[in-house]
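**Q** Please find data-v2.txt (compact mmCIF, C-alpha atoms) on the next line:
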# COMPACT_ATOMS: atom_id res chain seq x y z
CA MET A 28 0.00 0.00 0.00
CA LEU A 29 1.34 3.42 -0.96
CA ARG A 30 1.16 5.66 2.10
CA LEU A 31 1.99 9.15 3.17
CA ALA A 32 3.27 9.39 6.75
CA LEU A 33 3.61 12.54 8.82
CA ASP A 34 4.36 13.65 12.36
CA THR A 35 4.52 17.22 13.63
CA SER A 36 4.16 16.62 17.35
CA THR A 37 7.68 17.80 18.25
CA PRO A 38 9.91 20.66 17.03
CA VAL A 39 11.23 18.41 14.25
CA GLY A 40 8.42 17.52 11.87
CA SER A 41 8.73 14.59 9.54
CA VAL A 42 7.07 13.57 6.27
CA ALA A 43 7.62 10.39 4.24
CA ILE A 44 6.19 8.49 1.29
CA GLY A 45 6.46 4.72 1.31
CA ARG A 46 5.19 1.51 -0.16
CA ASP A 47 4.50 -0.66 2.87
CA ALA A 48 7.71 -0.55 4.92
CA GLU A 49 9.84 0.60 1.99
CA VAL A 50 10.68 4.31 2.24
CA LEU A 51 10.57 6.12 -1.11
CA ALA A 52 11.26 9.60 0.22
CA GLU A 53 11.52 11.28 3.60
CA SER A 54 12.05 14.79 4.85
CA LEU A 55 12.61 16.40 8.26
CA LEU A 56 11.37 19.93 8.98
CA ARG A 57 12.90 21.95 11.79
CA VAL A 58 11.11 24.69 13.73
CA ARG A 59 7.65 24.15 15.12
CA ALA A 60 6.37 27.60 14.26
CA THR A 61 6.55 26.90 10.54
CA HIS A 62 5.02 23.41 10.56
CA SER A 63 1.66 24.63 9.37
CA GLU A 64 3.04 26.37 6.30
CA ALA A 65 5.85 23.94 5.58
CA VAL A 66 4.17 20.56 5.64
CA LEU A 67 1.87 20.68 2.60
CA PRO A 68 4.50 22.02 0.17
CA GLU A 69 6.89 19.36 1.50
CA ILE A 70 4.37 16.59 0.83
CA ASP A 71 3.93 17.94 -2.67
CA ARG A 72 7.70 18.10 -3.21
CA LEU A 73 8.23 14.51 -2.02
CA LEU A 74 5.42 13.18 -4.19
CA THR A 75 6.77 15.00 -7.24
CA GLY A 76 10.26 13.71 -6.51
CA CYS A 77 8.90 10.16 -6.50
CA GLY A 78 7.08 10.75 -9.79
CA LEU A 79 3.79 10.41 -7.93
CA SER A 80 0.78 12.57 -7.24
CA ALA A 81 -1.67 12.70 -4.36
CA SER A 82 -4.11 10.57 -6.34
CA ASP A 83 -1.64 7.65 -6.18
CA LEU A 84 -1.81 7.52 -2.38
CA GLN A 85 -3.88 4.81 -0.72
CA GLY A 86 -3.37 5.62 2.93
CA VAL A 87 -2.11 8.18 5.43
CA VAL A 88 -0.21 7.34 8.62
CA VAL A 89 -0.21 10.05 11.23
CA GLY A 90 1.73 10.43 14.45
CA GLY A 91 -1.16 11.03 16.84
CA GLY A 92 0.74 12.75 19.63
CA PRO A 93 1.29 13.32 22.44
CA GLY A 94 3.38 16.41 22.01
CA SER A 95 2.86 20.03 21.15
CA PHE A 96 -0.91 20.70 21.10
CA THR A 97 -0.53 22.86 18.04
CA GLY A 98 1.81 20.49 16.27
CA VAL A 99 -0.31 17.43 16.99
CA ARG A 100 -3.33 19.22 15.58
CA ILE A 101 -1.53 20.25 12.40
CA ALA A 102 -0.69 16.67 11.42
CA ALA A 103 -4.10 15.39 12.57
CA ALA A 104 -6.03 18.01 10.60
CA LEU A 105 -3.94 17.42 7.47
CA ALA A 106 -4.30 13.64 7.70
CA LYS A 107 -8.03 13.77 8.33
CA GLY A 108 -8.51 16.29 5.53
CA MET A 109 -6.62 14.18 3.00
CA CYS A 110 -8.46 11.01 4.01
CA HIS A 111 -11.80 12.76 3.76
CA ALA A 112 -11.08 14.40 0.41
CA ARG A 113 -9.56 11.36 -1.28
CA GLY A 114 -11.20 8.49 0.55
CA LEU A 115 -7.86 7.22 1.88
CA GLU A 116 -7.37 4.84 4.77
CA LEU A 117 -6.16 6.49 7.95
CA PHE A 118 -3.64 4.90 10.31
CA SER A 119 -2.49 6.44 13.56
CA PHE A 120 0.23 5.48 15.99
CA SER A 121 1.52 7.26 19.04
CA SER A 122 4.36 9.63 18.19
CA LEU A 123 6.17 8.02 21.13
CA ALA A 124 5.81 4.62 19.42
CA ALA A 125 7.42 6.20 16.35
CA VAL A 126 10.43 7.20 18.46
CA ALA A 127 10.71 3.72 19.96
CA ALA A 128 10.36 2.09 16.53
CA GLY A 129 13.20 4.22 15.21
CA ALA A 130 15.48 3.70 18.20
CA GLY A 131 17.09 0.52 16.86
CA CYS A 132 17.30 -0.90 20.35
CA ASP A 133 16.47 -4.42 21.50
CA ARG A 134 16.00 -3.42 25.13
CA PRO A 135 12.73 -1.89 26.38
CA VAL A 136 12.57 1.70 25.15
CA CYS A 137 10.99 4.52 27.11
CA ALA A 138 10.20 7.25 24.59
CA MET A 139 9.82 10.71 26.12
CA PHE A 140 8.93 14.17 24.90
CA ASP A 141 9.70 17.28 26.90
CA ALA A 142 6.37 18.86 27.91
CA ARG A 143 8.22 21.73 29.69
CA ARG A 144 7.87 23.15 33.19
CA GLY A 145 8.87 19.89 34.82
CA GLN A 146 6.72 17.51 32.80
CA VAL A 147 7.35 14.78 30.22
CA TYR A 148 5.12 12.67 28.02
CA ALA A 149 6.31 9.08 28.05
CA ALA A 150 5.43 5.58 26.91
CA GLY A 151 7.25 2.25 27.02
CA TYR A 152 7.75 -0.22 24.15
CA ARG A 153 9.60 -3.34 23.17
CA VAL A 154 10.49 -3.40 19.49
CA GLY A 155 11.28 -6.56 17.59
CA GLU A 156 9.60 -7.82 14.47
CA GLY A 157 6.64 -5.78 15.64
CA ILE A 158 6.05 -3.41 18.51
CA GLU A 159 4.68 -4.19 21.95
CA GLU A 160 3.41 -1.41 24.23
CA LEU A 161 4.79 -1.89 27.75
CA PHE A 162 3.03 1.15 29.18
CA ALA A 163 0.66 3.58 27.49
CA PRO A 164 1.42 7.26 26.86
CA ARG A 165 1.20 9.29 30.05
CA ALA A 166 2.21 12.68 31.37
CA GLY A 167 4.02 13.55 34.56
CA PRO A 168 7.24 14.66 36.20
CA LEU A 169 10.32 12.73 35.06
CA GLU A 170 11.26 11.67 38.59
CA ARG A 171 7.86 10.09 39.15
CA LEU A 172 8.07 8.24 35.85
CA LEU A 173 11.49 6.84 36.76
CA THR A 174 10.08 5.61 40.07
CA ASP A 175 7.02 4.09 38.42
CA ILE A 176 8.83 2.11 35.73
CA GLY A 177 10.64 0.10 38.38
CA GLU A 178 14.22 -0.42 37.36
CA PRO A 179 15.45 2.40 35.08
CA ARG A 180 18.66 0.48 34.30
CA ASP A 181 16.60 -2.05 32.34
CA TRP A 182 15.43 0.68 29.98
CA SER A 183 16.85 2.77 27.18
CA PHE A 184 15.47 6.30 26.90
CA ALA A 185 14.91 8.27 23.71
CA GLY A 186 13.19 11.48 22.63
CA ASP A 187 13.79 15.13 23.43
CA GLY A 188 12.42 14.55 26.93
CA ALA A 189 15.22 12.06 27.54
CA GLY A 190 17.63 14.69 26.30
CA ALA A 191 16.27 17.34 28.65
CA GLY A 192 16.36 14.91 31.59
CA GLU A 193 19.58 13.14 30.64
CA GLY A 194 21.39 13.85 33.92
CA ILE A 195 18.51 12.57 36.05
CA ILE A 196 18.03 9.46 33.88
CA ARG A 197 21.73 8.59 33.94
CA SER A 198 21.99 9.01 37.68
CA ALA A 199 19.02 6.62 38.04
CA GLY A 200 21.01 4.10 35.97
CA GLY A 201 19.10 4.51 32.70
CA GLN A 202 20.73 4.63 29.30
CA VAL A 203 19.96 7.62 27.07
CA LEU A 204 20.11 6.78 23.37
CA GLU A 205 21.90 8.99 20.86
CA PRO A 206 20.10 12.21 19.84
CA ASP A 207 19.73 11.05 16.23
CA THR A 208 17.08 8.59 17.46
CA TRP A 209 14.95 11.19 19.22
CA VAL A 210 12.74 12.34 16.33
CA PRO A 211 9.36 10.62 15.81
CA SER A 212 10.12 9.94 12.19
CA ALA A 213 7.61 9.41 9.44
CA ARG A 214 9.63 6.42 8.21
CA SER A 215 8.98 4.74 11.56
CA LEU A 216 5.27 5.41 11.12
CA LEU A 217 5.46 3.71 7.70
CA TRP A 218 7.13 0.74 9.35
CA LEU A 219 4.51 0.58 12.12
CA ALA A 220 1.67 0.69 9.58
CA ALA A 221 3.35 -2.06 7.58
CA VAL A 222 4.01 -4.43 10.47
CA ASP A 223 0.85 -3.80 12.46
CA PRO A 224 -1.79 -2.18 10.23
CA ASP A 225 -4.67 -3.42 12.36
CA GLN A 226 -3.42 -1.69 15.48
CA GLY A 227 -3.14 1.64 13.68
CA ARG A 228 -6.17 1.51 11.44
CA VAL A 229 -8.73 4.22 12.18
CA ALA A 230 -12.22 3.01 11.36
CA ASP A 231 -13.80 6.45 11.23
CA PRO A 232 -11.30 9.18 10.30
CA GLY A 233 -13.99 11.86 10.62
CA SER A 234 -14.45 11.34 14.34
CA TRP A 235 -10.86 10.41 15.16
CA GLU A 236 -8.96 12.74 17.52
CA PRO A 237 -5.26 12.73 18.36
CA GLY A 238 -4.10 11.71 21.84
CA TYR A 239 -3.85 14.63 24.19
CA VAL A 240 -2.44 12.99 27.29
CA ARG A 241 -3.84 14.09 30.63
CA LEU A 242 -2.31 13.64 34.01
CA PRO A 243 -3.83 10.78 36.00
CA ALA A 244 -6.37 12.01 38.55
CA ALA A 245 -4.11 11.18 41.48
CA GLN A 246 -1.60 13.77 40.30
CA ARG A 247 -4.12 16.52 39.85
CA ASP A 248 -4.76 19.59 41.68
CA MET A 249 -6.14 21.43 44.63
CA GLY A 250 -8.59 23.16 42.32
CA SER A 251 -10.43 20.03 41.30
CA MET B 12 5.24 15.16 42.82
CA SER B 13 6.99 17.07 45.57
CA ALA B 14 4.73 19.72 47.00
CA PHE B 15 5.31 22.25 49.72
CA GLU B 16 2.16 23.67 51.30
CA ILE B 17 1.68 26.85 53.29
CA GLY B 18 -1.38 28.35 54.88
CA PRO B 19 -4.26 28.61 54.97
CA PHE B 20 -4.15 32.27 55.93
CA GLU B 21 -7.09 34.54 56.58
CA LEU B 22 -6.45 37.88 54.90
CA THR B 23 -8.32 41.16 54.49
CA GLU B 24 -8.43 42.68 51.01
CA PRO B 25 -5.46 45.03 51.63
CA GLU B 26 -3.52 42.08 53.07
CA LEU B 27 -4.44 39.98 50.06
CA ALA B 28 -3.26 42.74 47.73
CA GLN B 29 -0.01 43.07 49.64
CA TYR B 30 0.51 39.33 49.53
CA GLY B 31 -0.24 39.31 45.80
CA ARG B 32 2.50 41.87 45.26
CA ASP B 33 4.96 39.70 47.22
CA ILE B 34 3.98 36.68 45.14
CA GLY B 35 4.39 38.66 41.92
CA ARG B 36 7.83 39.88 42.93
CA VAL B 37 9.17 36.34 43.46
CA ALA B 38 7.24 34.84 40.52
CA LEU B 39 8.70 37.29 38.02
CA GLU B 40 12.29 36.50 39.02
CA ALA B 41 11.96 32.77 38.34
CA GLY B 42 9.22 32.83 35.69
CA VAL B 43 6.85 30.88 37.92
CA PHE B 44 3.60 29.42 36.61
CA VAL B 45 0.97 30.51 39.15
CA CYS B 46 -2.42 28.77 39.17
CA LEU B 47 -5.33 30.52 40.89
CA TYR B 48 -8.41 28.66 42.08
CA GLY B 49 -11.59 29.86 43.72
CA ASP B 50 -15.19 30.80 43.06
CA LEU B 51 -16.43 34.00 41.46
CA GLY B 52 -15.64 36.88 43.75
CA ALA B 53 -13.20 34.90 45.89
CA GLY B 54 -10.38 37.30 45.02
CA LYS B 55 -8.52 35.69 42.13
CA SER B 56 -8.53 38.88 40.08
CA THR B 57 -7.51 40.98 43.07
CA LEU B 58 -4.61 38.66 43.71
CA ALA B 59 -3.64 38.46 40.01
CA ARG B 60 -3.72 42.23 39.60
CA ALA B 61 -1.62 42.68 42.73
CA ALA B 62 0.83 40.04 41.52
CA CYS B 63 1.20 42.01 38.27
CA ARG B 64 1.93 45.14 40.31
CA GLY B 65 4.48 43.21 42.35
CA ALA B 66 6.07 42.09 39.09
CA GLY B 67 6.47 45.73 38.12
CA VAL B 68 3.56 46.09 35.69
CA THR B 69 2.62 49.78 35.76
CA GLY B 70 -0.14 50.14 33.13
CA PRO B 71 -3.74 48.95 33.29
CA VAL B 72 -4.31 45.28 34.20
CA PRO B 73 -7.70 44.51 32.64
CA SER B 74 -9.47 41.20 33.17
CA PRO B 75 -8.56 38.60 30.52
CA THR B 76 -12.01 36.97 30.73
CA PHE B 77 -12.74 37.75 27.09
CA THR B 78 -9.23 38.11 25.66
CA LEU B 79 -8.25 34.85 27.46
CA VAL B 80 -4.62 35.95 27.75
CA ASN B 81 -3.15 39.41 28.38
CA GLN B 82 0.55 40.14 28.21
CA TYR B 83 2.23 42.87 30.17
CA GLN B 84 5.74 44.09 30.57
CA GLY B 85 7.10 43.74 34.08
CA ARG B 86 10.29 44.79 35.81
CA GLY B 87 13.40 44.76 33.64
CA GLY B 88 11.34 44.14 30.48
CA ALA B 89 10.32 40.62 31.62
CA VAL B 90 6.97 39.45 30.29
CA VAL B 91 3.99 38.69 32.53
CA GLN B 92 1.26 36.51 31.04
CA HIS B 93 -2.17 36.72 32.62
CA ALA B 94 -4.74 34.12 31.54
CA ASP B 95 -8.35 33.47 32.49
CA LEU B 96 -9.78 30.06 31.63
CA TYR B 97 -13.34 30.79 32.76
CA ARG B 98 -14.61 30.57 29.19
CA VAL B 99 -12.42 27.61 28.20
CA GLU B 100 -14.36 24.36 28.34
CA THR B 101 -12.51 21.78 26.25
CA VAL B 102 -8.96 20.70 25.54
CA GLU B 103 -9.39 22.11 22.02
CA GLY B 104 -10.36 25.44 23.59
CA LEU B 105 -7.27 25.23 25.72
CA ALA B 106 -5.12 24.56 22.66
CA ASP B 107 -6.79 27.42 20.76
CA MET B 108 -6.19 29.99 23.46
CA GLY B 109 -2.45 29.30 23.35
CA TRP B 110 -2.10 27.18 26.48
CA GLU B 111 0.95 25.52 25.10
CA GLY B 112 2.66 28.84 24.55
CA LEU B 113 2.17 29.57 28.25
CA LEU B 114 3.66 26.21 29.24
CA GLN B 115 6.62 26.62 26.94
CA SER B 116 7.46 30.18 27.84
CA ASP B 117 9.87 31.01 30.63
CA ASP B 118 7.65 33.96 31.60
CA MET B 119 5.79 34.51 34.81
CA VAL B 120 2.29 33.17 34.14
CA LEU B 121 -0.88 33.85 36.14
CA VAL B 122 -3.82 31.57 35.41
CA GLU B 123 -7.27 32.30 36.80
CA TRP B 124 -9.75 29.38 36.86
CA ALA B 125 -6.79 27.02 36.52
CA ASP B 126 -9.07 24.07 37.37
CA ARG B 127 -10.37 24.36 33.79
CA ALA B 128 -6.97 23.03 32.69
CA ASP B 129 -7.15 20.07 35.05
CA GLY B 130 -4.80 17.43 33.75
CA TYR B 131 -2.85 19.84 31.57
CA LEU B 132 -1.15 21.89 34.27
CA PRO B 133 2.64 21.92 34.46
CA ALA B 134 4.41 19.95 37.20
CA ASP B 135 6.41 23.01 38.21
CA ARG B 136 3.97 25.59 39.53
CA TRP B 137 2.42 27.39 42.45
CA ASP B 138 -1.19 26.65 43.31
CA VAL B 139 -3.08 29.39 45.10
CA ARG B 140 -6.57 28.62 46.37
CA LEU B 141 -8.92 31.37 47.55
CA ASP B 142 -12.06 30.72 49.56
CA PHE B 143 -14.80 32.76 51.21
CA LEU B 144 -14.98 32.94 54.98
CA ALA B 145 -17.91 33.67 57.30
CA ASP B 146 -16.39 37.14 57.70
CA PRO B 147 -17.10 38.80 54.31
CA ALA B 148 -14.12 41.14 54.73
CA ARG B 149 -11.66 38.26 54.70
CA ARG B 150 -10.58 35.50 52.36
CA GLN B 151 -8.87 32.22 53.10
CA VAL B 152 -5.68 31.69 51.07
CA ALA B 153 -3.96 28.29 50.81
CA LEU B 154 -0.86 27.76 48.73
CA ARG B 155 1.20 24.94 47.38
CA ALA B 156 4.55 24.92 45.59
CA CYS B 157 4.86 21.94 43.23
CA GLY B 158 7.98 20.65 41.51
CA ARG B 159 11.06 22.76 40.94
CA VAL B 160 9.91 26.26 41.83
CA PRO B 161 11.08 28.84 44.36
CA ARG B 162 9.65 28.82 47.88
CA LEU B 163 6.42 30.71 48.27
CA PRO B 164 6.65 33.84 50.35
CA ALA B 165 4.51 33.95 53.51
CA PRO B 166 2.07 36.83 54.00
CA GLN B 167 3.51 39.89 55.73
CA PRO B 168 1.57 42.48 57.73
CA ALA B 169 -0.41 44.72 55.36
CA GLU B 170 0.72 48.09 54.04
CA GLU B 171 -1.71 50.44 52.34
CA ASP B 172 -1.14 50.80 48.61
CA PRO B 173 -3.72 52.79 46.66
CA SER B 174 -2.50 51.43 43.31
CA CYS B 175 -4.19 48.06 43.84
Turn this file's structure into structure tokens for me.

**A**
Amino acid sequence: MLRLALDTSTPVGSVAIGRDAEVLAESLLRVRATHSEAVLPEIDRLLTGCGLSASDLQGVVVGGGPGSFTGVRIAAALAKGMCHARGLELFSFSSLAAVAAGAGCDRPVCAMFDARRGQVYAAGYRVGEGIEELFAPRAGPLERLLTDIGEPRDWSFAGDGAGAGEGIIRSAGGQVLEPDTWVPSARSLLWLAAVDPDQGRVADPGSWEPGYVRLPAAQRDMGS
Amino acid sequence: MSAFEIGPFELTEPELAQYGRDIGRVALEAGVFVCLYGDLGAGKSTLARAACRGAGVTGPVPSPTFTLVNQYQGRGGAVVQHADLYRVETVEGLADMGWEGLLQSDDMVLVEWADRADGYLPADRWDVRLDFLADPARRQVALRACGRVPRLPAPQPAEEDPSC
């Protein structure tokens, strides 16, 4: 299946065209503020470079967050719009799963995005021939996450949240993967859709919403 | 989450305004995210306005109920962001009003009706809860410092300040 994949949930956006798991073209886009203007022309450029047009596409794979509210919504709106207009199949995977899938690591991977002001978004995966979710995307302070996952030394950490918390993770015994693995890449989304299409398939793209991750109730506030 | 609680204190309006100025002074320095909770009329706006004064804002401090976020310039050119979530009802509404920009800034941020952002508040913040008391001239103020933020100041005896 010929798919377009995109993720704009972090400051480095990513767009790719692929046939199943085979990547035909991929592009990374720096700077969150320009995602909204940059993504569509980039899709067009990649398609043209592959000698394809939008009418050749059969599916769209979107990184469904968590991450920047604005960024997550840009990719989600684009993906839903294209699926609606062209009758394409929609697939969605967590942007954290995309990081784990691209980490090239056979240990459990904790993918983390920096949510700022003391908070990270995180999820745990084991990646082999497919991907297994060890814990679902959640939000919270890094220290609490490290306590909750049990033994940090059994995990490898990736994503810009792991970068921001590198000192804390290392002192807890965790391994932080190289920065070139931190981006939720569109090629990883293509791979996820190829190896596990059923998990990502969105039955009703019109009503689908990306995953804004809330804090669990126990961590909430004196106002509630 | 590490949390350090102080209060509750029972403060008159001038004492509340004075305390707000003290909070604003410290919050500006470290770019603290300050969440305000309490019913209509409990004193959130009084406290927020005073905090802006304490942060060195000299111009008008109008309510952000309809603008959702107001930005002011505080001491030394630092930015003070003043948000009111009363009219924000969904996570999409939160995203649309620029919530993320507030989280990602290093500015001092004041958020009235912060309970509307339940689940999307930062780990590093001050919570300030205002409640009515039987004595209508006083308000109860309870505070909590969460995560990596400076210590909250304690209320000092009131001084009169006509600007608040």

**Q** Up to 10 Å from chain A, what residues of chain B turn up? Count only C-alpha atoms and give them as a PyMOL selection string.

**A** chain B and resi 12-13+43-44+46-49+102-103+105-107+109-117+124-136+138-141+153-155+157-160

**Q** Counting all atoms listed in the file, what is within 12 Å of Glu156 in chain A, bar same-chain residues fewer than 3 positions away, as a short mmCIF file (atom, residue, chain, number, x, y, z; two decimals) with C-alpha atoms, in the frame of the given file?

**A**
data_model
loop_
_atom_site.label_atom_id
_atom_site.label_comp_id
_atom_site.auth_asym_id
_atom_site.auth_seq_id
_atom_site.Cartn_x
_atom_site.Cartn_y
_atom_site.Cartn_z
CA ALA A 128 10.36 2.09 16.53
CA GLY A 131 17.09 0.52 16.86
CA CYS A 132 17.30 -0.90 20.35
CA ASP A 133 16.47 -4.42 21.50
CA ARG A 153 9.60 -3.34 23.17
CA GLU A 159 4.68 -4.19 21.95
CA TRP A 218 7.13 0.74 9.35
CA LEU A 219 4.51 0.58 12.12
CA ALA A 221 3.35 -2.06 7.58
CA VAL A 222 4.01 -4.43 10.47
CA ASP A 223 0.85 -3.80 12.46
#

**Q** May I have the residues within 8 Å of Gln92 in chain B as a list of chain:residue names, using only C-alpha atoms and disregarding those fewer than 6 positions away in the same chain?

**A** B:Val80, B:Asn81, B:Gln82, B:Tyr83, B:Leu113, B:Asp118, B:Met119, B:Val120, B:Leu121

**Q** Please provide the set of residues having any atom within 8 Å of Leu161 in chain A, restricted to all atoms listed in the file, with same-chain residues fewer than 4 positions apart removed, written as JSON, numbers by chain.

**A** {"A": [150, 151, 152, 153]}

**Q** Using CA of Arg180 in chain A and CA of Pro164 in chain A as the two end points, give the distance in Å to one decimal.

**A**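 Pair CA of Arg180 in chain A / CA of Pro164 in chain A returns 20.0 Å.
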
**Q** If I take CA of Thr37 in chain A and CA of Ala14 in chain B, how far is one from the other in Å, to one decimal?

**A** 29.0 Å

**Q** Would you mind reading off the distance between CA of Val88 in chain A and CA of Gly104 in chain B, one decimal, in Å?

**A**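 One can read the CA of Val88 in chain A to CA of Gly104 in chain B distance as 25.6 Å.
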
**Q** Which neighbours of Gly238 in chain A fall inside 9 Å, counting all atoms listed in the file, when residues of the same chain fewer than 6 positions from it are skipped, and could you give them as a list in words?

**A** Gly91, Gly92, Pro93, Gly94, Val99, Ser121 and Pro164 of chain A

**Q** Could you check which of B:Leu79, B:Leu27, B:Leu39, B:Leu163 is closest to Ala148 in chain B, using only C-alpha atoms?

**A** B:Leu27

**Q** Do a neighbour search on Leu51 in chain B at 10 Å with all atoms listed in the file, toss out local chain neighbours closer than 6 positions, and write the hits as a list in words.

**A** Tyr97, Trp124, Asp142 and Phe143 of chain B

**Q** For each of A:Thr75, A:Asp175, A:Gly233, A:Asp187, take the minimum atom-to-atom distance to Thr208 in chain A, counting only C-alpha atoms, then give the residue where this is smallest.

**A**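 Closest to Thr208 in chain A of all the choices is A:Asp187.
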